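One structure below.
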Amino acid sequence: MSEEVFLQRTETCGSLRASDEGKRVILNGWVHRDRNHGALHFINLRDHYGLTQVVVDDDASAELSAAAAALKLEYCIAVEGIVRKRPDSMINPDMETGEIEVKAEKIQILSQCDVLPFMIDEETNSKEDFRLKYRFLDLRSFGMQKRIKLRHEIVKAIREYFYKTDFMEIETPTLIRSTPEGARDFLVPSRIYQGKFFALPQSPQLYKQLLMVSGMDKYFQIARCYRDEDPRGDRQLEFTQLDVEMSFVKRDDVLSLMEDLMGEVFKKVQNVELPKKFVRLAYNDALNTYGCDKPDLRFGIELHDAASFAANSTFSLFTDTLKAGGHVKYLVAPKTEGVDYTRKYITALEDAAKVYGAKGMAWMKVQEGKLTGGVSKYFAENEAEVIKETGAKEGDLICFVAHEDWKKCCNSLGAVRSKLGADLGLLSDSYAFCWIVDFPLFEYNEEEGHWEAAHHMFSMPQEEYLDTLESDPGSVKGDLYDLVLNGYELASGSIRIHDIELQKRIFRICNFPDDVAQERFGFLLDAFKFSPPPHGGIAPGIDRLCMIMSKVNTIREVIAFPKNTAAMSPMDNCPETVEPKQLEELGLSIVKKEEK
Ligand code: ASP
């Protein structure tokens, strides 16, 4: 900028309307678009609040014309001028300021812009990594501005909700002791205690429980969590969750609180009215009916048991699976305009099933009232029974998965259901929440050969299983709950154990004998010696919530500075090596991996 005094804005680029006609204004912003029509020069000036059309008329002074001619895209400028109404034929109903334009009298360049790596616009076709390298520019786009603003609105609505209640916002440390919580910890070497490490929290789980032992009663925090996971799909190394914990509560208290909170957030932020109560599904029912524990309830296409009629078929795969105690399930894909159930498409459905362990997907169609194609010939004897039982109509496709393992059978057919939902255009703009309850408490870790917690080790088993924890871990149900929205797991939580002996039993089942548990979780066990209250909580993912409400399909679109799909940041190029001196101070040396 030259020596001139900075012309500071009197309005934003989104604020002027027809009623401002005749007003002298100063706008500050970026040159969004710039076009010449003969002697007229139009500039679309953009700031965070919107766009305003600026015109340099043909009667402009030589100085003004020269200033306008010097402009390039994304120059940061100040414009002083007079608001005037556009002629009727020039009104732009798509622009909030579309009724007016500003006739420029003075243009001041505040800062110049290099050649742009990509156009700043709502839609950019640039590769994501390129956008991330120049994230500061990418964030200028209307799309990103809108999403980051929405995120702010969501977090604000959450905080406002809690501030009205007895909840306290308490910060917990981010340099903590490494404690297993399912994923790998990020480690931070200690300089003062060489050879020792802090970990970054995978979640504030133990701290929020300790706060309950301390009598804080109701806690929340918008907490940053860290998990050192391999880059896969939509994961971020660091993510944000709304962390909540409450004392003297039962499951339904936590569920009601969340229903109330979500109701208020959706109403405030998007004026959407949610049901007061969300559907509840037991884990087993969710798997049986929708094939997964995070079902998208925006559409039906339910899974059913095919045993009754599959047993009467001559298809040995089905009959043998059933005889061996396995499962055969089916779903009916409805005839849909614009979708042909071709061989190629059916193979694509089958591929989706195979990802979850199915060896294949059997199918048949209903045509002219008869079963045709695929495995239909094995049902010649009981065709009428099948049509009646499945309720399949003309043009429908019946898909089957057979598997000895119930979960694999459900999950595989569930994957077919999910693909159909997307391909048949059933994913509406609505929000379908549901609770999944009665989860198994333990999962068997095949690789390591022991049981582990399905959620985390601090969740309470349901009372009726207390005597059979050790003898039959596989059938124990926990006081666990997940909140699911449109096929995404939005939150997980549980009622916690607050009894030291019970906590030790769970540790033992999860392969943490007493001495190891004392070593790793001594502080929690010690705290439990001092009259902990019954407590429970939950933690909705903020990134996911923002992603779903923004109608985008990756959380990177709702995080200002995310890591890329390779778990690094192309903008500031991290992770990066550090100075040898820094390593020395920490007492660390880098061991080069041997080339294989
Ligand atoms: N700490 C848990 C998690 O991050 C949530 C909870 O149980 O409250 O998944």
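Each chain in the structure tokens gets a letter, A, B and so on, in the order shown; residues start at 1 in every chain, and ligands are counted from 1 in the order they appear.
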
| said: With only C-alpha atoms as the counted atoms, please give the residues lying no more than 7 Å from Ile506 (chain A), apart from itself and same-chain residues fewer than 4 positions off, as a ChimeraX atom specification. | reply: /A:457,502,510

File dump, residues just selected, N, CA, C and O atoms, as a CSV table (one decimal), in the first residue's frame:
```
chain,number,residue,atom,x,y,z
A,457,MET,N,-12.8,-49.8,28.2
A,457,MET,CA,-12.9,-50.7,29.4
A,457,MET,C,-13.6,-50.1,30.6
A,457,MET,O,-13.7,-50.7,31.6
A,502,LEU,N,-15.2,-54.4,40.2
A,502,LEU,CA,-15.8,-54.7,38.9
A,502,LEU,C,-14.8,-54.2,37.8
A,502,LEU,O,-14.6,-54.9,36.8
A,510,CYS,N,-9.8,-58.2,29.8
A,510,CYS,CA,-9.2,-57.6,28.6
A,510,CYS,C,-7.7,-57.8,28.6
A,510,CYS,O,-7.0,-57.0,28.0
```

| said: List as a list in words the protein and nucleic acid residues near region 62-75 of chain A, meaning an atom at most 6 Å away when only C-alpha atoms are counted, but skip any in the same chain fewer than 5 places from it. | reply: Trp30, Val31, His32, Gln112 and Cys113 of chain A

Hey, which residues sit close to ligand 1? Say within 10 Å, counting only C-alpha atoms and all ligand atoms, and write them as a short mmCIF file (atom, residue, chain, number, x, y, z; two decimals) with all heavy atoms, in the first residue's frame.
```
data_model
loop_
_atom_site.label_atom_id
_atom_site.label_comp_id
_atom_site.auth_asym_id
_atom_site.auth_seq_id
_atom_site.Cartn_x
_atom_site.Cartn_y
_atom_site.Cartn_z
N GLU A 181 -6.65 -46.81 24.75
CA GLU A 181 -8.08 -46.54 24.59
C GLU A 181 -8.56 -47.02 23.22
O GLU A 181 -9.48 -46.49 22.65
CB GLU A 181 -8.36 -45.05 24.75
CG GLU A 181 -9.66 -44.82 25.51
CD GLU A 181 -10.14 -43.39 25.48
OE1 GLU A 181 -9.46 -42.54 26.06
OE2 GLU A 181 -11.18 -43.17 24.87
N GLY A 182 -7.86 -47.98 22.69
CA GLY A 182 -8.32 -48.52 21.41
C GLY A 182 -7.37 -48.23 20.28
O GLY A 182 -6.99 -49.12 19.54
N PRO A 201 -4.11 -36.97 24.44
CA PRO A 201 -5.30 -37.78 24.77
C PRO A 201 -6.05 -38.28 23.54
O PRO A 201 -6.28 -37.52 22.60
CB PRO A 201 -6.17 -36.80 25.55
CG PRO A 201 -5.69 -35.44 25.18
CD PRO A 201 -4.24 -35.57 24.83
N GLN A 202 -6.42 -39.55 23.56
CA GLN A 202 -7.33 -40.06 22.53
C GLN A 202 -8.73 -39.53 22.79
O GLN A 202 -9.55 -39.43 21.89
CB GLN A 202 -7.32 -41.58 22.51
CG GLN A 202 -5.97 -42.14 22.09
CD GLN A 202 -5.97 -43.64 21.98
OE1 GLN A 202 -6.99 -44.24 21.66
NE2 GLN A 202 -4.84 -44.25 22.22
N SER A 203 -8.99 -39.23 24.04
CA SER A 203 -10.20 -38.51 24.46
C SER A 203 -9.97 -38.19 25.93
O SER A 203 -9.10 -38.79 26.56
CB SER A 203 -11.45 -39.37 24.28
OG SER A 203 -11.64 -40.21 25.39
N PRO A 204 -10.74 -37.27 26.51
CA PRO A 204 -10.51 -36.95 27.93
C PRO A 204 -11.17 -37.96 28.86
O PRO A 204 -11.43 -37.65 30.02
CB PRO A 204 -11.18 -35.57 28.09
CG PRO A 204 -11.52 -35.10 26.73
CD PRO A 204 -11.68 -36.31 25.89
N GLN A 205 -11.42 -39.18 28.38
CA GLN A 205 -12.22 -40.15 29.10
C GLN A 205 -11.92 -40.24 30.60
O GLN A 205 -12.80 -40.05 31.44
CB GLN A 205 -12.06 -41.53 28.45
CG GLN A 205 -12.91 -42.62 29.07
CD GLN A 205 -14.39 -42.32 28.95
OE1 GLN A 205 -14.84 -41.73 27.97
NE2 GLN A 205 -15.16 -42.71 29.96
N LEU A 206 -10.66 -40.54 30.95
CA LEU A 206 -10.38 -40.79 32.36
C LEU A 206 -10.47 -39.51 33.18
O LEU A 206 -10.91 -39.52 34.33
CB LEU A 206 -9.01 -41.44 32.53
CG LEU A 206 -8.96 -42.85 31.91
CD1 LEU A 206 -7.60 -43.47 32.09
CD2 LEU A 206 -10.03 -43.73 32.53
N TYR A 207 -10.10 -38.38 32.57
CA TYR A 207 -10.17 -37.12 33.30
C TYR A 207 -11.61 -36.74 33.60
O TYR A 207 -11.93 -36.23 34.67
CB TYR A 207 -9.47 -36.00 32.52
CG TYR A 207 -7.99 -36.22 32.50
CD1 TYR A 207 -7.40 -36.92 31.46
CD2 TYR A 207 -7.20 -35.82 33.57
CE1 TYR A 207 -6.04 -37.18 31.47
CE2 TYR A 207 -5.85 -36.07 33.59
CZ TYR A 207 -5.27 -36.75 32.53
OH TYR A 207 -3.93 -37.01 32.55
N LYS A 208 -12.50 -37.00 32.63
CA LYS A 208 -13.89 -36.61 32.92
C LYS A 208 -14.47 -37.52 33.99
O LYS A 208 -15.27 -37.08 34.82
CB LYS A 208 -14.74 -36.55 31.65
CG LYS A 208 -14.99 -37.83 30.90
CD LYS A 208 -15.98 -37.55 29.75
CE LYS A 208 -16.12 -38.72 28.83
NZ LYS A 208 -17.13 -38.51 27.79
N GLN A 209 -14.02 -38.77 34.03
CA GLN A 209 -14.49 -39.64 35.09
C GLN A 209 -13.94 -39.18 36.44
O GLN A 209 -14.65 -39.18 37.44
CB GLN A 209 -14.09 -41.08 34.80
CG GLN A 209 -14.86 -41.68 33.62
CD GLN A 209 -14.71 -43.19 33.54
OE1 GLN A 209 -14.20 -43.70 32.57
NE2 GLN A 209 -15.14 -43.91 34.57
N ALA A 223 -13.54 -30.79 23.06
CA ALA A 223 -12.19 -31.31 23.30
C ALA A 223 -11.53 -31.77 22.02
O ALA A 223 -12.16 -32.40 21.17
CB ALA A 223 -12.28 -32.48 24.27
N CYS A 225 -9.04 -34.30 20.31
CA CYS A 225 -8.58 -35.67 20.59
C CYS A 225 -7.59 -36.10 19.51
O CYS A 225 -7.69 -35.66 18.38
CB CYS A 225 -9.75 -36.64 20.59
SG CYS A 225 -11.08 -36.14 21.67
N TYR A 226 -6.69 -36.99 19.88
CA TYR A 226 -5.61 -37.37 18.96
C TYR A 226 -5.50 -38.89 18.89
O TYR A 226 -5.44 -39.55 19.92
CB TYR A 226 -4.28 -36.81 19.47
CG TYR A 226 -4.32 -35.31 19.68
CD1 TYR A 226 -4.79 -34.78 20.88
CD2 TYR A 226 -3.92 -34.44 18.68
CE1 TYR A 226 -4.84 -33.41 21.09
CE2 TYR A 226 -3.97 -33.07 18.87
CZ TYR A 226 -4.43 -32.56 20.09
OH TYR A 226 -4.49 -31.22 20.28
N THR A 240 -12.28 -33.23 16.82
CA THR A 240 -12.90 -32.50 17.92
C THR A 240 -14.17 -33.21 18.38
O THR A 240 -14.96 -33.62 17.53
CB THR A 240 -13.26 -31.08 17.47
OG1 THR A 240 -12.11 -30.52 16.85
CG2 THR A 240 -13.67 -30.20 18.63
N GLN A 241 -14.33 -33.36 19.66
CA GLN A 241 -15.60 -33.92 20.13
C GLN A 241 -16.18 -33.10 21.26
O GLN A 241 -15.47 -32.40 21.97
CB GLN A 241 -15.46 -35.39 20.49
CG GLN A 241 -14.62 -35.69 21.71
CD GLN A 241 -14.45 -37.20 21.91
OE1 GLN A 241 -14.51 -38.00 20.98
NE2 GLN A 241 -14.21 -37.60 23.14
N LEU A 242 -17.49 -33.18 21.35
CA LEU A 242 -18.17 -32.59 22.49
C LEU A 242 -18.14 -33.66 23.56
O LEU A 242 -18.80 -34.69 23.43
CB LEU A 242 -19.61 -32.23 22.11
CG LEU A 242 -20.54 -32.03 23.30
CD1 LEU A 242 -20.12 -30.83 24.12
CD2 LEU A 242 -21.97 -31.86 22.83
N ASP A 243 -17.37 -33.42 24.60
CA ASP A 243 -17.19 -34.44 25.62
C ASP A 243 -18.11 -34.12 26.79
O ASP A 243 -18.13 -32.98 27.28
CB ASP A 243 -15.72 -34.41 26.05
CG ASP A 243 -15.29 -35.71 26.65
OD1 ASP A 243 -15.70 -36.76 26.12
OD2 ASP A 243 -14.55 -35.70 27.66
N VAL A 244 -18.88 -35.11 27.23
CA VAL A 244 -19.89 -34.87 28.27
C VAL A 244 -19.81 -35.97 29.32
O VAL A 244 -19.61 -37.14 28.98
CB VAL A 244 -21.32 -34.89 27.63
CG1 VAL A 244 -22.39 -34.77 28.71
CG2 VAL A 244 -21.48 -33.79 26.60
N GLU A 245 -19.94 -35.59 30.58
CA GLU A 245 -20.02 -36.59 31.65
C GLU A 245 -20.94 -36.07 32.74
O GLU A 245 -20.96 -34.86 33.02
CB GLU A 245 -18.61 -36.87 32.20
CG GLU A 245 -18.47 -38.16 32.99
CD GLU A 245 -18.50 -39.44 32.15
OE1 GLU A 245 -18.43 -39.36 30.90
OE2 GLU A 245 -18.60 -40.52 32.74
N HIS A 455 -16.11 -50.95 23.28
CA HIS A 455 -16.06 -49.47 23.29
C HIS A 455 -14.80 -49.05 24.04
O HIS A 455 -13.78 -48.80 23.46
CB HIS A 455 -17.35 -48.93 23.92
CG HIS A 455 -17.42 -47.44 24.00
ND1 HIS A 455 -16.96 -46.63 23.00
CD2 HIS A 455 -17.91 -46.62 24.94
CE1 HIS A 455 -17.15 -45.36 23.33
NE2 HIS A 455 -17.72 -45.33 24.51
N HIS A 456 -14.86 -48.98 25.35
CA HIS A 456 -13.64 -48.87 26.15
C HIS A 456 -13.88 -49.60 27.47
O HIS A 456 -15.01 -49.98 27.77
CB HIS A 456 -13.19 -47.43 26.33
CG HIS A 456 -14.22 -46.51 26.87
ND1 HIS A 456 -14.92 -46.75 28.02
CD2 HIS A 456 -14.70 -45.33 26.39
CE1 HIS A 456 -15.76 -45.76 28.23
NE2 HIS A 456 -15.67 -44.89 27.25
N MET A 457 -12.79 -49.77 28.24
CA MET A 457 -12.87 -50.67 29.38
C MET A 457 -13.61 -50.10 30.59
O MET A 457 -13.67 -50.73 31.63
CB MET A 457 -11.46 -51.08 29.79
CG MET A 457 -10.79 -51.97 28.78
SD MET A 457 -9.22 -52.57 29.38
CE MET A 457 -8.22 -51.13 29.25
N PHE A 458 -14.13 -48.90 30.46
CA PHE A 458 -14.73 -48.24 31.63
C PHE A 458 -16.25 -48.30 31.61
O PHE A 458 -16.92 -47.69 32.43
CB PHE A 458 -14.19 -46.80 31.71
CG PHE A 458 -12.73 -46.76 31.43
CD1 PHE A 458 -12.22 -46.29 30.23
CD2 PHE A 458 -11.84 -47.30 32.36
CE1 PHE A 458 -10.86 -46.32 29.96
CE2 PHE A 458 -10.48 -47.34 32.09
CZ PHE A 458 -9.99 -46.85 30.89
N SER A 459 -16.78 -49.03 30.62
CA SER A 459 -18.24 -49.11 30.46
C SER A 459 -18.82 -50.23 31.32
O SER A 459 -18.24 -51.31 31.45
CB SER A 459 -18.60 -49.39 29.01
OG SER A 459 -18.11 -48.35 28.21
N LEU A 480 -24.18 -49.47 27.03
CA LEU A 480 -23.52 -48.66 26.00
C LEU A 480 -24.55 -48.11 25.05
O LEU A 480 -25.58 -48.75 24.82
CB LEU A 480 -22.61 -49.56 25.17
CG LEU A 480 -21.37 -50.16 25.79
CD1 LEU A 480 -20.88 -51.32 24.93
CD2 LEU A 480 -20.30 -49.11 25.86
N TYR A 481 -24.24 -46.97 24.46
CA TYR A 481 -25.16 -46.42 23.47
C TYR A 481 -24.40 -45.63 22.42
O TYR A 481 -23.41 -44.98 22.72
CB TYR A 481 -26.20 -45.50 24.12
CG TYR A 481 -25.68 -44.79 25.34
CD1 TYR A 481 -24.93 -43.61 25.24
CD2 TYR A 481 -25.91 -45.32 26.62
CE1 TYR A 481 -24.43 -42.98 26.37
CE2 TYR A 481 -25.41 -44.69 27.75
CZ TYR A 481 -24.68 -43.52 27.63
OH TYR A 481 -24.18 -42.92 28.74
N ASP A 482 -24.86 -45.72 21.19
CA ASP A 482 -24.31 -44.91 20.10
C ASP A 482 -25.43 -44.06 19.54
O ASP A 482 -26.56 -44.54 19.39
CB ASP A 482 -23.82 -45.82 18.96
CG ASP A 482 -22.38 -46.27 19.15
OD1 ASP A 482 -21.82 -46.01 20.22
OD2 ASP A 482 -21.85 -46.88 18.21
N LEU A 490 -22.43 -40.91 15.23
CA LEU A 490 -22.20 -39.52 15.62
C LEU A 490 -21.62 -39.42 17.03
O LEU A 490 -20.86 -38.50 17.33
CB LEU A 490 -23.54 -38.76 15.56
CG LEU A 490 -23.48 -37.26 15.66
CD1 LEU A 490 -22.64 -36.69 14.54
CD2 LEU A 490 -24.88 -36.67 15.62
N ALA A 491 -22.00 -40.35 17.89
CA ALA A 491 -21.53 -40.29 19.27
C ALA A 491 -21.53 -41.68 19.87
O ALA A 491 -22.34 -42.52 19.48
CB ALA A 491 -22.45 -39.40 20.10
N SER A 492 -20.61 -41.89 20.81
CA SER A 492 -20.63 -43.13 21.61
C SER A 492 -20.57 -42.73 23.07
O SER A 492 -19.95 -41.72 23.40
CB SER A 492 -19.38 -43.97 21.38
OG SER A 492 -19.36 -44.49 20.12
N GLY A 493 -21.17 -43.54 23.88
CA GLY A 493 -21.07 -43.26 25.31
C GLY A 493 -21.50 -44.47 26.09
O GLY A 493 -21.89 -45.50 25.54
N SER A 494 -21.44 -44.31 27.42
CA SER A 494 -21.84 -45.43 28.28
C SER A 494 -22.04 -44.95 29.70
O SER A 494 -21.58 -43.88 30.08
CB SER A 494 -20.76 -46.52 28.27
OG SER A 494 -19.54 -46.02 28.75
N ILE A 495 -22.72 -45.79 30.45
CA ILE A 495 -22.72 -45.65 31.90
C ILE A 495 -21.42 -46.33 32.34
O ILE A 495 -21.04 -47.36 31.79
CB ILE A 495 -23.96 -46.33 32.52
CG1 ILE A 495 -25.22 -45.58 32.07
CG2 ILE A 495 -23.86 -46.40 34.05
CD1 ILE A 495 -25.27 -44.09 32.45
N ARG A 496 -20.71 -45.70 33.27
CA ARG A 496 -19.36 -46.19 33.61
C ARG A 496 -19.38 -47.10 34.84
O ARG A 496 -20.28 -47.00 35.68
CB ARG A 496 -18.42 -45.03 33.91
CG ARG A 496 -18.61 -43.79 33.09
CD ARG A 496 -18.37 -43.99 31.62
NE ARG A 496 -18.48 -42.70 30.92
CZ ARG A 496 -18.46 -42.55 29.61
NH1 ARG A 496 -18.38 -43.60 28.82
NH2 ARG A 496 -18.55 -41.36 29.06
N GLY A 536 -21.98 -41.38 34.03
CA GLY A 536 -22.02 -41.82 32.64
C GLY A 536 -21.87 -40.63 31.73
O GLY A 536 -21.97 -39.48 32.16
N GLY A 537 -21.62 -40.89 30.46
CA GLY A 537 -21.42 -39.77 29.54
C GLY A 537 -21.47 -40.20 28.10
O GLY A 537 -21.84 -41.34 27.77
N ILE A 538 -21.03 -39.30 27.28
CA ILE A 538 -21.11 -39.51 25.84
C ILE A 538 -20.21 -38.48 25.16
O ILE A 538 -19.82 -37.49 25.79
CB ILE A 538 -22.57 -39.37 25.36
CG1 ILE A 538 -22.72 -39.82 23.91
CG2 ILE A 538 -23.10 -37.94 25.53
CD1 ILE A 538 -24.14 -40.13 23.49
N ALA A 539 -19.89 -38.71 23.90
CA ALA A 539 -19.04 -37.75 23.19
C ALA A 539 -19.37 -37.69 21.70
O ALA A 539 -18.85 -38.48 20.92
CB ALA A 539 -17.58 -38.12 23.39
N PRO A 540 -20.23 -36.76 21.29
CA PRO A 540 -20.52 -36.60 19.85
C PRO A 540 -19.34 -35.97 19.10
O PRO A 540 -18.70 -35.06 19.62
CB PRO A 540 -21.72 -35.65 19.82
CG PRO A 540 -22.26 -35.61 21.20
CD PRO A 540 -21.10 -35.92 22.12
N GLY A 541 -19.08 -36.47 17.92
CA GLY A 541 -18.01 -35.92 17.08
C GLY A 541 -18.48 -34.64 16.41
O GLY A 541 -19.49 -34.63 15.71
#
```

| query | Taking into account only C-alpha atoms, which residue in the set A:Ala567, A:Val332, A:Leu175, A:Ala324 is nearest to Leu187 (chain A)? | reply |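 When distances to Leu187 (chain A) are compared using only C-alpha atoms, the smallest one comes from A:Leu175.
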
| request: Pick out the residues sitting within 10 Å of region 425-437 of chain A, and hand them over as an MDAnalysis selection string; count only C-alpha atoms, and ignore anything fewer than 6 positions along from it in its own chain. | output: chainID A and resid 251 255 259 262 266 272:275 277:286 293:300 336 339 418 477:492 494 548:549 551

Please, could you write that set of residues out with C-alpha atoms as a PDB file, in the first residue's frame?
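Output contents, as saved in out_1.pdb:
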```pdb
ATOM      1  CA  ARG A 251     -28.726 -44.312  30.545  1.00  0.00           C
ATOM      2  CA  LEU A 255     -30.036 -40.026  25.918  1.00  0.00           C
ATOM      3  CA  GLU A 259     -32.019 -35.484  22.150  1.00  0.00           C
ATOM      4  CA  MET A 262     -29.547 -31.926  19.085  1.00  0.00           C
ATOM      5  CA  PHE A 266     -30.685 -28.162  14.563  1.00  0.00           C
ATOM      6  CA  VAL A 272     -34.994 -27.929  11.377  1.00  0.00           C
ATOM      7  CA  GLU A 273     -37.448 -29.494  13.818  1.00  0.00           C
ATOM      8  CA  LEU A 274     -36.170 -32.875  15.046  1.00  0.00           C
ATOM      9  CA  PRO A 275     -38.393 -35.455  16.731  1.00  0.00           C
ATOM     10  CA  LYS A 277     -37.275 -38.655  20.942  1.00  0.00           C
ATOM     11  CA  PHE A 278     -35.056 -40.644  18.595  1.00  0.00           C
ATOM     12  CA  VAL A 279     -35.796 -44.215  17.531  1.00  0.00           C
ATOM     13  CA  ARG A 280     -34.004 -46.795  19.676  1.00  0.00           C
ATOM     14  CA  LEU A 281     -32.734 -50.031  18.247  1.00  0.00           C
ATOM     15  CA  ALA A 282     -31.018 -52.845  20.071  1.00  0.00           C
ATOM     16  CA  TYR A 283     -27.674 -53.723  18.504  1.00  0.00           C
ATOM     17  CA  ASN A 284     -28.888 -57.200  17.477  1.00  0.00           C
ATOM     18  CA  ASP A 285     -32.031 -55.788  15.867  1.00  0.00           C
ATOM     19  CA  ALA A 286     -30.031 -53.133  14.001  1.00  0.00           C
ATOM     20  CA  ASP A 293     -24.804 -50.862  13.866  1.00  0.00           C
ATOM     21  CA  LYS A 294     -25.009 -47.428  12.246  1.00  0.00           C
ATOM     22  CA  PRO A 295     -27.984 -47.793   9.953  1.00  0.00           C
ATOM     23  CA  ASP A 296     -29.113 -45.062   7.622  1.00  0.00           C
ATOM     24  CA  LEU A 297     -32.802 -44.815   8.452  1.00  0.00           C
ATOM     25  CA  ARG A 298     -33.590 -42.367   5.672  1.00  0.00           C
ATOM     26  CA  PHE A 299     -34.742 -45.389   3.706  1.00  0.00           C
ATOM     27  CA  GLY A 300     -36.174 -48.863   4.275  1.00  0.00           C
ATOM     28  CA  THR A 336     -36.665 -48.085  -9.648  1.00  0.00           C
ATOM     29  CA  VAL A 339     -31.852 -48.138 -12.537  1.00  0.00           C
ATOM     30  CA  SER A 418     -26.151 -49.141   1.732  1.00  0.00           C
ATOM     31  CA  LYS A 477     -24.222 -56.714  26.925  1.00  0.00           C
ATOM     32  CA  GLY A 478     -22.995 -53.326  28.092  1.00  0.00           C
ATOM     33  CA  ASP A 479     -24.767 -50.219  29.233  1.00  0.00           C
ATOM     34  CA  LEU A 480     -23.515 -48.656  26.002  1.00  0.00           C
ATOM     35  CA  TYR A 481     -25.162 -46.417  23.467  1.00  0.00           C
ATOM     36  CA  ASP A 482     -24.306 -44.910  20.102  1.00  0.00           C
ATOM     37  CA  LEU A 483     -26.070 -42.014  18.483  1.00  0.00           C
ATOM     38  CA  VAL A 484     -26.383 -42.563  14.739  1.00  0.00           C
ATOM     39  CA  LEU A 485     -27.275 -39.965  12.131  1.00  0.00           C
ATOM     40  CA  ASN A 486     -27.837 -40.775   8.451  1.00  0.00           C
ATOM     41  CA  GLY A 487     -25.606 -43.827   8.570  1.00  0.00           C
ATOM     42  CA  TYR A 488     -22.794 -42.218  10.569  1.00  0.00           C
ATOM     43  CA  GLU A 489     -21.860 -42.979  14.157  1.00  0.00           C
ATOM     44  CA  LEU A 490     -22.205 -39.515  15.624  1.00  0.00           C
ATOM     45  CA  ALA A 491     -21.526 -40.290  19.271  1.00  0.00           C
ATOM     46  CA  SER A 492     -20.631 -43.126  21.613  1.00  0.00           C
ATOM     47  CA  SER A 494     -21.838 -45.426  28.275  1.00  0.00           C
ATOM     48  CA  ILE A 548     -23.543 -34.054   7.855  1.00  0.00           C
ATOM     49  CA  MET A 549     -25.178 -30.671   8.435  1.00  0.00           C
ATOM     50  CA  LYS A 551     -24.096 -32.019   3.277  1.00  0.00           C
TER      51      LYS A 551
END
```

| message | as a PyMOL selection string, please: the residues near Tyr341 (chain A) (cut-off 12 Å, only C-alpha atoms, same-chain neighbours under 6 positions excluded). | response | chain A and resi 332-335+347-349+363-367+373-374+395-399+420+423-424

| message | To test your reading of the structure, identify every residue in region 538-592 of chain A that backbone DSSP assigns to strand (DSSP E or B), and report it as a list in words. | response | Ile538, Ala539, Pro540, Gly541, Ser569 and Cys574 of chain A

Could you write out that same residue set with N, CA, C and O atoms as a PDB file, in the first residue's frame?
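Result went into selection-v7.pdb, see below:
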```pdb
ATOM      1  N   ILE A 538     -21.031 -39.298  27.284  1.00  0.00           N
ATOM      2  CA  ILE A 538     -21.109 -39.509  25.842  1.00  0.00           C
ATOM      3  C   ILE A 538     -20.212 -38.479  25.156  1.00  0.00           C
ATOM      4  O   ILE A 538     -19.821 -37.491  25.792  1.00  0.00           O
ATOM      5  N   ALA A 539     -19.891 -38.711  23.897  1.00  0.00           N
ATOM      6  CA  ALA A 539     -19.038 -37.746  23.187  1.00  0.00           C
ATOM      7  C   ALA A 539     -19.369 -37.685  21.697  1.00  0.00           C
ATOM      8  O   ALA A 539     -18.850 -38.483  20.921  1.00  0.00           O
ATOM      9  N   PRO A 540     -20.235 -36.765  21.288  1.00  0.00           N
ATOM     10  CA  PRO A 540     -20.515 -36.604  19.852  1.00  0.00           C
ATOM     11  C   PRO A 540     -19.338 -35.966  19.099  1.00  0.00           C
ATOM     12  O   PRO A 540     -18.697 -35.059  19.621  1.00  0.00           O
ATOM     13  N   GLY A 541     -19.077 -36.466  17.924  1.00  0.00           N
ATOM     14  CA  GLY A 541     -18.008 -35.917  17.077  1.00  0.00           C
ATOM     15  C   GLY A 541     -18.481 -34.636  16.412  1.00  0.00           C
ATOM     16  O   GLY A 541     -19.490 -34.632  15.708  1.00  0.00           O
ATOM     17  N   SER A 569       0.253 -32.459   6.243  1.00  0.00           N
ATOM     18  CA  SER A 569      -0.295 -31.183   5.814  1.00  0.00           C
ATOM     19  C   SER A 569       0.549 -30.609   4.680  1.00  0.00           C
ATOM     20  O   SER A 569       1.695 -30.221   4.895  1.00  0.00           O
ATOM     21  N   CYS A 574       4.044 -30.647   7.237  1.00  0.00           N
ATOM     22  CA  CYS A 574       4.366 -31.389   8.446  1.00  0.00           C
ATOM     23  C   CYS A 574       3.654 -32.730   8.383  1.00  0.00           C
ATOM     24  O   CYS A 574       2.661 -32.824   7.698  1.00  0.00           O
TER      25      CYS A 574
END
```

| query | Nearest to Ile170 (chain A) among A:Lys329, A:His48, A:Lys196, A:Lys218, with distances taken over only C-alpha atoms: which residue is it? | reply | A:Lys218

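Closest approach to Leu586 (chain A) among A:Gly338, A:Pro189, A:Gly215, A:Pro231: A:Pro189, based on only C-alpha atoms.
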
| message | If you run DSSP on the backbone here, which positions in region 253-324 of chain A get alpha helix (DSSP H)? Please write them as a PyMOL selection string. | response | chain A and resi 253-270+283-290+307-310+316-323

| task | Could you give me, as a VMD selection string, the residues within 10 Å of Leu525 (chain A), counting only C-alpha atoms and dropping anything in the same chain fewer than 6 positions from it? | result | chain A and resid 498 to 501 503 to 504 517 to 518

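Around Tyr356 (chain A), within 10 Å and counting only C-alpha atoms, the residues found are Lys407, Lys408, Cys409, Cys410, Asn411, Ser412, Leu413, Gly414 and Ala415 of chain A, once anything fewer than 6 positions away on its own chain is removed.
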
| request: Could you tell me how far CA of Met212 (chain A) lies from CA of Ala453 (chain A), in Å and to one decimal? | output: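 Computing the Euclidean distance for CA of Met212 (chain A) and CA of Ala453 (chain A) yields 21.9 Å.
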
| query | Which polymer residues have any atom within 12 Å of an atom of region 114-118 of chain A, counting only C-alpha atoms, with same-chain residues fewer than 6 positions away left out, as a VMD selection string? | reply | chain A and resid 32 71 to 76 124 to 128 130 to 138 140 to 141
